[in-house]
Every structure is written in structure tokens, then in C-alpha cells.
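Pasting run-v9.cif here (mmCIF, C-alpha atoms):
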```cif
data_data
loop_
_atom_site.label_atom_id
_atom_site.label_comp_id
_atom_site.auth_asym_id
_atom_site.auth_seq_id
_atom_site.Cartn_x
_atom_site.Cartn_y
_atom_site.Cartn_z
CA MET A 1 107.11 90.49 92.77
CA ASP A 2 109.10 92.34 95.45
CA ASN A 3 108.34 89.60 97.97
CA PHE A 4 109.58 86.97 95.52
CA GLN A 5 112.81 88.92 94.96
CA THR A 6 113.28 89.20 98.73
CA VAL A 7 112.84 85.45 99.22
CA LEU A 8 115.14 84.70 96.28
CA ARG A 9 117.80 87.05 97.63
CA PHE A 10 117.55 85.38 101.05
CA PHE A 11 118.11 81.91 99.59
CA MET A 12 121.00 83.17 97.45
CA ASN A 13 122.67 84.71 100.51
CA GLN A 14 122.17 81.54 102.54
CA LYS A 15 123.06 79.04 99.81
CA ALA A 16 126.10 77.76 101.75
CA THR A 17 123.96 77.04 104.81
CA ILE A 18 121.26 75.46 102.68
CA GLY A 19 123.86 73.35 100.88
CA TYR A 20 125.32 72.06 104.14
CA SER A 21 121.84 71.36 105.51
CA PHE A 22 120.98 69.38 102.38
CA MET A 23 124.28 67.50 102.69
CA ALA A 24 123.45 66.66 106.31
CA LEU A 25 120.03 65.30 105.33
CA LEU A 26 121.60 63.16 102.60
CA THR A 27 124.19 61.88 105.07
CA ILE A 28 121.53 60.93 107.62
CA GLY A 29 119.45 59.22 104.95
CA GLY A 30 122.45 57.37 103.54
CA GLU A 31 123.50 56.16 106.97
CA ARG A 32 120.02 54.85 107.70
CA VAL A 33 119.93 53.00 104.37
CA PHE A 34 123.32 51.41 105.05
CA SER A 35 122.28 50.42 108.57
CA MET A 36 118.92 48.91 107.62
CA VAL A 37 119.58 47.40 104.19
CA SER A 38 123.20 46.40 103.65
CA PHE A 39 124.79 46.17 107.10
CA GLN A 40 124.77 42.73 108.70
CA CYS A 41 127.28 42.31 111.53
CA PRO A 42 128.93 38.83 111.24
CA CYS A 43 129.09 38.50 115.05
CA ASN A 44 132.42 36.70 115.40
CA HIS A 45 135.74 37.77 116.85
CA GLU A 46 137.60 37.42 113.54
CA GLN A 47 135.42 39.72 111.41
CA ASN A 48 133.45 42.08 113.64
CA PHE A 49 136.12 44.74 114.00
CA THR A 50 137.11 44.82 110.32
CA TYR A 51 133.51 44.71 109.11
CA GLY A 52 132.25 47.44 111.44
CA LEU A 53 135.27 49.68 110.83
CA THR A 54 134.85 49.30 107.05
CA PHE A 55 131.26 50.54 107.19
CA LEU A 56 132.28 53.34 109.57
CA LEU A 57 135.33 54.65 107.70
CA GLY A 58 134.79 53.38 104.14
CA PRO A 59 131.98 55.81 103.17
CA ALA A 60 133.88 58.65 104.87
CA ALA A 61 136.94 57.93 102.71
CA VAL A 62 134.79 57.79 99.55
CA LEU A 63 133.12 61.10 100.43
CA LEU A 64 136.55 62.68 101.00
CA ILE A 65 137.77 61.46 97.60
CA PHE A 66 134.61 62.73 95.89
CA GLY A 67 134.95 66.06 97.68
CA LEU A 68 138.47 66.47 96.31
CA PHE A 69 137.64 65.10 92.88
CA PHE A 70 134.75 67.51 92.25
CA ASN A 71 136.56 70.55 93.66
CA THR A 72 137.38 72.84 90.74
CA ARG A 73 139.82 74.85 92.87
CA LEU A 74 142.02 71.75 93.26
CA TRP A 75 142.24 71.17 89.51
CA ARG A 76 142.77 74.86 88.86
CA LEU A 77 145.73 74.70 91.23
CA TYR A 78 147.29 71.46 89.98
CA THR A 79 146.49 71.32 86.27
CA GLY A 80 149.78 71.40 84.40
CA CYS A 81 151.98 71.40 87.50
CA CYS A 82 153.87 68.27 86.34
CA LEU A 83 155.07 70.17 83.27
CA ASN A 84 155.61 73.41 85.17
CA PRO A 85 156.06 72.87 88.94
CA MET A 86 156.40 76.62 89.51
CA LYS A 87 152.65 76.93 88.90
CA LEU A 88 152.21 75.69 92.47
CA CYS A 89 154.23 78.61 93.81
CA PRO A 90 153.70 81.56 91.49
CA ARG A 91 156.05 84.43 92.32
CA GLY A 92 157.58 82.21 95.02
CA ASN A 93 154.43 82.34 97.18
CA CYS A 94 154.46 78.72 98.40
CA PHE A 95 152.67 79.66 101.62
CA GLY A 96 149.72 80.91 99.59
CA CYS A 97 149.59 77.59 97.73
CA PHE A 98 149.64 75.69 101.03
CA ARG A 99 146.85 77.88 102.39
CA VAL A 100 144.69 77.26 99.32
CA LEU A 101 145.38 73.52 99.56
CA MET A 102 144.38 73.47 103.24
CA SER A 103 141.19 75.34 102.38
CA ILE A 104 140.38 72.74 99.70
CA ILE A 105 141.03 69.81 102.07
CA THR A 106 138.98 71.46 104.82
CA GLY A 107 136.01 71.87 102.48
CA ALA A 108 136.32 68.26 101.33
CA CYS A 109 136.31 67.05 104.95
CA VAL A 110 132.83 68.42 105.69
CA ALA A 111 130.92 65.45 104.25
CA PRO A 112 133.17 62.77 105.85
CA ILE A 113 132.87 64.45 109.25
CA MET A 114 129.10 64.53 108.86
CA TRP A 115 129.08 60.82 108.02
CA LEU A 116 131.28 59.88 111.00
CA SER A 117 129.19 61.99 113.36
CA VAL A 118 125.87 60.54 112.20
CA ALA A 119 127.20 56.96 112.12
CA LEU A 120 128.66 57.23 115.62
CA LEU A 121 125.55 58.87 117.05
CA ASN A 122 123.51 55.98 115.68
CA GLY A 123 126.02 53.48 117.06
CA THR A 124 125.28 50.45 114.86
CA PHE A 125 128.68 50.27 113.14
CA TYR A 126 130.62 51.04 116.32
CA GLU A 127 128.81 48.31 118.26
CA CYS A 128 129.87 45.71 115.73
CA ALA A 129 133.46 46.96 115.48
CA ILE A 130 134.17 47.30 119.20
CA SER A 131 132.63 43.94 120.09
CA GLY A 132 135.15 42.19 117.85
CA LEU A 133 138.26 43.52 119.56
CA ASP A 134 140.26 40.89 121.46
CA ASP A 135 142.40 43.48 123.19
CA ASN A 136 142.49 42.77 126.92
CA LEU A 137 142.03 46.42 127.80
CA VAL A 138 138.79 46.63 125.78
CA VAL A 139 137.47 43.29 126.99
CA ASP A 140 138.25 44.15 130.62
CA LEU A 141 136.44 47.45 130.21
CA PHE A 142 133.18 45.82 129.13
CA CYS A 143 133.38 42.53 131.08
CA LYS A 144 134.73 43.89 134.34
CA ASN A 145 133.25 42.04 137.35
CA LYS A 146 131.43 39.67 134.96
CA THR A 147 131.71 35.96 134.26
CA LEU A 148 134.00 34.36 131.70
CA LYS A 149 130.97 33.88 129.44
CA CYS A 150 130.90 37.65 128.86
CA ARG A 151 134.34 37.46 127.21
CA GLU A 152 133.27 34.53 125.05
CA GLU A 153 129.93 35.99 124.00
CA LEU A 154 130.95 39.64 123.56
CA ALA A 155 131.14 39.40 119.76
CA ARG A 156 127.59 38.03 119.54
CA VAL A 157 125.99 40.80 121.58
CA PRO A 158 125.13 43.10 118.58
CA CYS A 159 123.27 40.23 116.83
CA ASP A 160 121.00 39.12 119.66
CA ARG A 161 122.50 35.64 119.40
CA SER A 162 124.53 35.65 122.61
CA LYS A 163 123.94 33.24 125.47
CA LEU A 164 124.00 36.06 127.99
CA SER A 165 120.89 37.07 129.84
CA SER A 166 118.80 39.83 128.35
CA ASP A 167 119.80 42.22 131.13
CA GLU A 168 123.52 41.60 130.60
CA ARG A 169 123.19 41.94 126.85
CA MET A 170 121.23 45.20 127.15
CA GLU A 171 123.80 46.55 129.59
CA LEU A 172 126.61 45.83 127.11
CA LEU A 173 124.66 47.35 124.21
CA LEU A 174 124.05 50.51 126.23
CA MET A 175 127.78 50.73 127.00
CA PHE A 176 128.63 50.30 123.30
CA ARG A 177 126.09 52.92 122.28
CA ALA A 178 127.17 55.37 124.99
CA GLN A 179 130.79 55.20 123.87
CA SER A 180 129.79 55.58 120.23
CA GLN A 181 127.65 58.64 120.93
CA ILE A 182 130.36 60.21 123.08
CA LEU A 183 132.78 59.86 120.17
CA GLY A 184 130.16 61.23 117.78
CA TRP A 185 129.47 64.33 119.86
CA SER A 186 133.21 64.79 120.42
CA ILE A 187 133.77 64.92 116.64
CA VAL A 188 130.90 67.42 116.26
CA MET A 189 132.27 69.67 119.02
CA VAL A 190 135.88 69.50 117.79
CA ALA A 191 134.79 70.26 114.21
CA ALA A 192 132.66 73.20 115.38
CA ILE A 193 135.46 74.63 117.54
CA VAL A 194 138.09 74.20 114.80
CA GLY A 195 135.74 75.80 112.26
CA LEU A 196 135.07 78.76 114.56
CA LEU A 197 138.75 79.27 115.39
CA GLY A 198 139.72 78.94 111.73
CA THR A 199 137.13 81.53 110.68
CA CYS A 200 138.18 83.90 113.46
CA CYS A 201 141.86 83.53 112.56
CA ARG A 202 141.21 84.07 108.85
CA ASN A 203 139.06 87.16 109.43
CA CYS A 204 141.49 88.51 112.02
CA ARG A 205 144.38 88.29 109.55
CA SER A 206 142.34 89.68 106.65
CA GLN A 207 143.95 92.57 104.82
CA VAL A 208 140.56 94.04 103.90
CA SER A 209 137.56 95.13 105.91
CA TYR A 210 134.50 92.94 106.44
CA LEU A 211 132.36 94.80 103.91
CA GLN A 212 135.10 94.73 101.28
CA LEU A 213 135.57 91.01 101.98
CA MET A 214 131.84 90.48 101.35
CA PHE A 215 132.14 92.48 98.13
CA TRP A 216 135.15 90.38 97.12
CA LYS A 217 133.18 87.15 97.61
CA ARG A 218 130.23 88.52 95.62
CA TYR A 219 132.57 89.61 92.84
CA ILE A 220 134.21 86.16 92.63
CA GLU A 221 130.78 84.51 92.43
CA LYS A 222 129.58 86.88 89.70
CA GLU A 223 132.83 86.62 87.75
CA LYS A 224 132.62 82.82 87.75
CA GLU A 225 128.95 82.96 86.76
CA ARG A 226 129.60 85.37 83.90
CA PHE A 227 132.78 83.49 82.85
CA ASP A 228 130.81 80.27 82.47
CA ALA A 229 128.13 82.04 80.46
CA PHE A 230 130.66 83.92 78.30
CA THR A 231 132.77 80.83 77.57
CA LEU A 232 129.63 78.94 76.59
CA GLU A 233 128.61 81.72 74.24
CA TYR A 234 132.12 82.06 72.76
CA ALA A 235 132.51 78.29 72.37
CA THR A 236 129.18 78.23 70.54
CA LYS A 237 130.36 80.94 68.15
CA LEU A 238 133.64 79.09 67.55
CA ALA A 239 131.79 75.83 66.87
CA GLU A 240 129.39 77.59 64.47
CA ARG A 241 132.34 79.24 62.68
CA ASN A 242 134.16 75.92 62.27
CA LEU A 243 131.04 74.08 61.10
CA GLN A 244 130.21 76.84 58.65
CA SER A 245 133.73 76.70 57.22
CA PHE A 246 133.57 72.93 56.91
CA PHE A 247 130.17 72.61 55.27
CA GLU A 248 130.54 75.66 53.02
CA ASN A 249 134.09 74.58 52.09
CA LYS A 250 135.72 77.96 52.60
CA GLU A 251 138.32 79.65 54.75
CA PRO A 252 137.17 80.24 58.35
CA ASN A 253 136.44 83.80 59.35
CA PRO A 254 139.08 85.44 61.57
CA MET A 255 138.23 85.08 65.24
CA PRO A 256 140.16 86.75 68.08
CA PHE A 257 141.27 84.34 70.79
CA PRO A 258 143.40 84.73 73.94
CA ASN A 259 146.92 83.37 73.69
CA HIS A 260 148.29 80.54 75.80
CA LYS A 261 150.13 82.85 78.19
CA ALA A 262 146.93 84.74 78.92
CA TRP A 263 145.10 81.52 79.79
CA GLU A 264 147.97 80.53 82.09
CA GLU A 265 147.91 83.85 83.92
CA ILE A 266 144.17 83.96 84.57
CA SER A 267 144.14 80.28 85.63
CA ALA A 268 146.57 80.80 88.52
CA TYR A 269 145.20 81.14 92.03
CA TYR A 270 145.07 84.66 93.44
CA SER A 271 145.70 86.03 96.91
CA PHE A 272 145.06 89.66 97.82
CA SER A 273 148.03 91.94 98.43
CA ARG A 274 148.18 95.64 99.19
CA SER A 275 150.66 96.19 96.38
CA GLU A 276 148.21 94.77 93.82
CA GLN A 277 144.69 95.45 94.98
CA TYR A 278 142.75 93.39 92.47
CA TYR A 279 139.89 91.00 93.11
CA SER A 280 140.98 88.15 90.82
CA THR A 281 143.67 87.05 88.42
CA LEU A 282 141.36 88.02 85.55
CA GLN A 283 141.12 91.62 86.75
CA ARG A 284 144.87 91.72 87.37
CA TYR A 285 145.50 90.55 83.82
CA VAL A 286 143.08 92.90 82.02
CA GLU A 287 144.35 95.95 83.92
CA ARG A 288 148.02 95.31 83.21
CA THR A 289 149.68 98.20 81.39
CA ASP A 290 152.10 95.85 79.60
CA ARG A 291 149.36 93.47 78.52
CA ASP A 292 150.01 91.56 75.28
CA PHE A 293 147.05 92.14 72.95
CA THR A 294 148.39 89.82 70.26
CA PRO A 295 145.70 87.16 69.68
CA GLU A 296 146.31 83.59 68.66
CA GLU A 297 146.45 83.11 64.92
CA ARG A 298 144.29 80.02 65.18
CA PRO A 299 142.21 78.98 68.21
CA VAL A 300 143.56 75.41 68.36
CA ILE A 301 145.55 73.30 70.80
CA ASP A 302 148.89 71.79 69.81
CA PHE A 303 149.46 68.62 71.86
CA ASP A 304 152.84 67.93 70.25
CA HIS A 305 154.46 70.36 72.64
CA GLY A 306 152.53 69.62 75.80
CA ILE A 307 149.49 71.73 76.52
CA ALA A 308 150.16 74.76 74.37
CA MET A 309 148.29 77.04 72.01
CA THR A 310 149.48 77.70 68.47
#
```

Could you show the structure in this file as C-alpha cells?
Amino acid sequence: MDNFQTVLRFFMNQKATIGYSFMALLTIGGERVFSMVSFQCPCNHEQNFTYGLTFLLGPAAVLLIFGLFFNTRLWRLYTGCCLNPMKLCPRGNCFGCFRVLMSIITGACVAPIMWLSVALLNGTFYECAISGLDDNLVVDLFCKNKTLKCREELARVPCDRSKLSSDERMELLLMFRAQSQILGWSIVMVAAIVGLLGTCCRNCRSQVSYLQLMFWKRYIEKEKERFDAFTLEYATKLAERNLQSFFENKEPNPMPFPNHKAWEEISAYYSFSRSEQYYSTLQRYVERTDRDFTPEERPVIDFDHGIAMT
């Protein structure tokens, strides 16, 4: 049993690494499926560049959108900001909002960067895209010291339908692939360096020690875990109370419920400060000395006045 707990604790501590590894495997598998099943380079000057670039950048853009769409921190930050723009800069801390937004975008960029790296290291999409460019600089780069036929047949090289000799075609393919892999490894190295520098800068500017920072992260994880479980339990009780009142045709039993202002306060993003050394907006709210303990009279939402509780 102790060995099982040790293994479980190890996987829980390394869940970010495991998650990124799983994402990398999915990206590699998805790229191979696209390359082998759906990708067919048209092999003409008019369509090669657009077609290859679409397969190279299109999935990356979709992954970026999905990464933003499924990020709960983004919606926690922006929900209701059209009705109350000051929610973006609580207490005038616009820099903190910008920092949170950059953190969200950085996290959403992980999957697109993985896709671009894997796609460029494979080279299939890049070969098709670059062979369709009519730019003289690009054509001169690949067809330097070659016959005019190289310029005419360059777009057909990725499809094995060119009239060039096999040696010339293989030489061009190797040049395409080398450039693609150089770009791929460049993206990997730049992403790694930026990630390292960003982590070093964030830790260097941290207002708390490393161990307290680890405790803070553990607390946030546990608070979110317990919040989800508690809200599920409370929502179940509220649903049972409403159903019981409906079917038994009687007044609903009184049920304490946080007011709208309380929900607004605990939903705001939180940044640590030495003047208020709390670990979350929830802890800051519950430890306030001037906290309003007046519950809502009825746990319902009134949409006639925006998103408000009555």
C-alpha cells in the first residue's frame, strides 16, 4: 500500500510534465495522420504555397483557439467585464491583469508550438509550401547554378512528378527538408530559452520563498478541488430542496446562500502582496473583519438587471 501511495504521489507531483508529454504524443500522432491521410500537395505554382501553409499554420491556429477557449482562468478574468470594465483592473492593478493575460496566452501557445515543431521537423508541409513560391530570391536559392528546367519544375518536386533527374530532385528535397528541420529546431530552442528565462524571471521577482511558493501552488490546487466538490454537493442540496418543494407543494426550506457581491469578490483574480498575505481571493474574503454575513433571501438569478442575485 505504501508503494502504491508513493507511485501515486509521484504522478501527482509530475502531472504537468505527464500532461505535456501526452500532448506531445498526440501532436506527433495528429501530424502523422494529417501527412499520410489528408495531405496531398497539388504540385503547381498557384496552390502549393497556400496549401502547404494552411496545413502548417491552420492546426496551430485551431490549437491556440482551443487552448484559450478551454482555459478557465481566461473566463474567470473576463466574465462580466463588458458590464463592469473595472473587473479587469481591480484596485487599479492593470499590470497584474496584463501579467495574468500573458500567462494565459503563454499556456495556450504550448500546443501550437508543439505542432509547428513536429510539422517542420517532418518537413512534408514545408516542402509543399516553399516549392510554390515564385519569389526570385527563393527560386535562385534552390536553382542556383542549375538549368532553367529547375525553375519550371520546382513546384512538382514534392510529388515525384517532375521532369528533373532523380539526383536533382533528391538534392532539392534534401534542401527543402534541411531548411524545414532547421526552422523546427529553431522554434524548439527559442521556446525552451524563453520558457527558462521566463521561469527564472518570475521566480527571481517572487515575493515569497521557494517552499512557500510550492505551498501556495498546492493550496490553490486543493482549494479548486474542494471548491468543485463543495459546489457539486451544495448544488445537489439546492436541487433536492427545490424539487421537494415543487412535488410536495409547500414553501421551500430556508437555505443560506452567498450574496452577489461575495461571488464577485471571490471570482476576481488574485496576486500576492505583502500587505495582504493571503493565498487566494476566497481566503481574503472569509478572513475580512468587515465581511457581510447577510445571505441572499432566495438563491436565484435575476437576469432583468444584468447578472445579479436577488

Pull out every residue that the PyMOL selection byres ((chain A and resi 166-173) around 10) matches in the shown coordinates and put them as an MDAnalysis selection string. chainID A and resid 123:124 127 131 142:143 146 150 153:154 156:158 160:165 174:179

Exercise: region 103-120 of chain A partners within 7 Å, all atoms listed in the file, chain neighbours under 6 positions left out, as a ChimeraX atom specification: /A:24,27-28,31,56,60-61,63-64,67-68,74,126,180-181,183-185,187-188

Spell out the residues picked by the PyMOL selection byres ((chain A and resi 265-269) around 7) here, as number ranges by chain. A: 76-77, 261-264, 270-271, 281-282, 285

Near Cys159 (chain A), counting only C-alpha atoms, which residues have an atom at most 10 Å away, once you skip same-chain residues fewer than 4 positions from it, shown as an mmCIF file with C-alpha atoms, in the frame of the given file?
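What landed in result05.cif:
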```
data_model
loop_
_atom_site.group_PDB
_atom_site.id
_atom_site.type_symbol
_atom_site.label_atom_id
_atom_site.label_comp_id
_atom_site.auth_asym_id
_atom_site.auth_seq_id
_atom_site.Cartn_x
_atom_site.Cartn_y
_atom_site.Cartn_z
ATOM 1 C CA GLN A 40 124.770 42.730 108.700
ATOM 2 C CA CYS A 41 127.280 42.310 111.530
ATOM 3 C CA PRO A 42 128.930 38.830 111.240
ATOM 4 C CA CYS A 43 129.090 38.500 115.050
ATOM 5 C CA ASN A 44 132.420 36.700 115.400
ATOM 6 C CA GLU A 127 128.810 48.310 118.260
ATOM 7 C CA CYS A 128 129.870 45.710 115.730
ATOM 8 C CA ALA A 155 131.140 39.400 119.760
#
```

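Counting all atoms listed in the file and comparing A:Leu57, A:Phe125, A:Leu83, A:Asp135, the residue that lies closest to Arg32 (chain A) is A:Phe125.
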
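Atom to atom, CA of Phe34 (chain A) and CA of Ala129 (chain A) stand 15.2 Å apart.
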
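Separating CA of Val208 (chain A) from CA of Glu225 (chain A) is a distance of 23.5 Å.
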
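We find CA of Gly80 (chain A) and CA of Arg291 (chain A) to be spaced 22.8 Å apart.
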
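When only C-alpha atoms are used to compute distances to Asn48 (chain A), the closest of the residues A:Val33, A:Leu133, A:Met102, A:Gln283 turns out to be A:Leu133.
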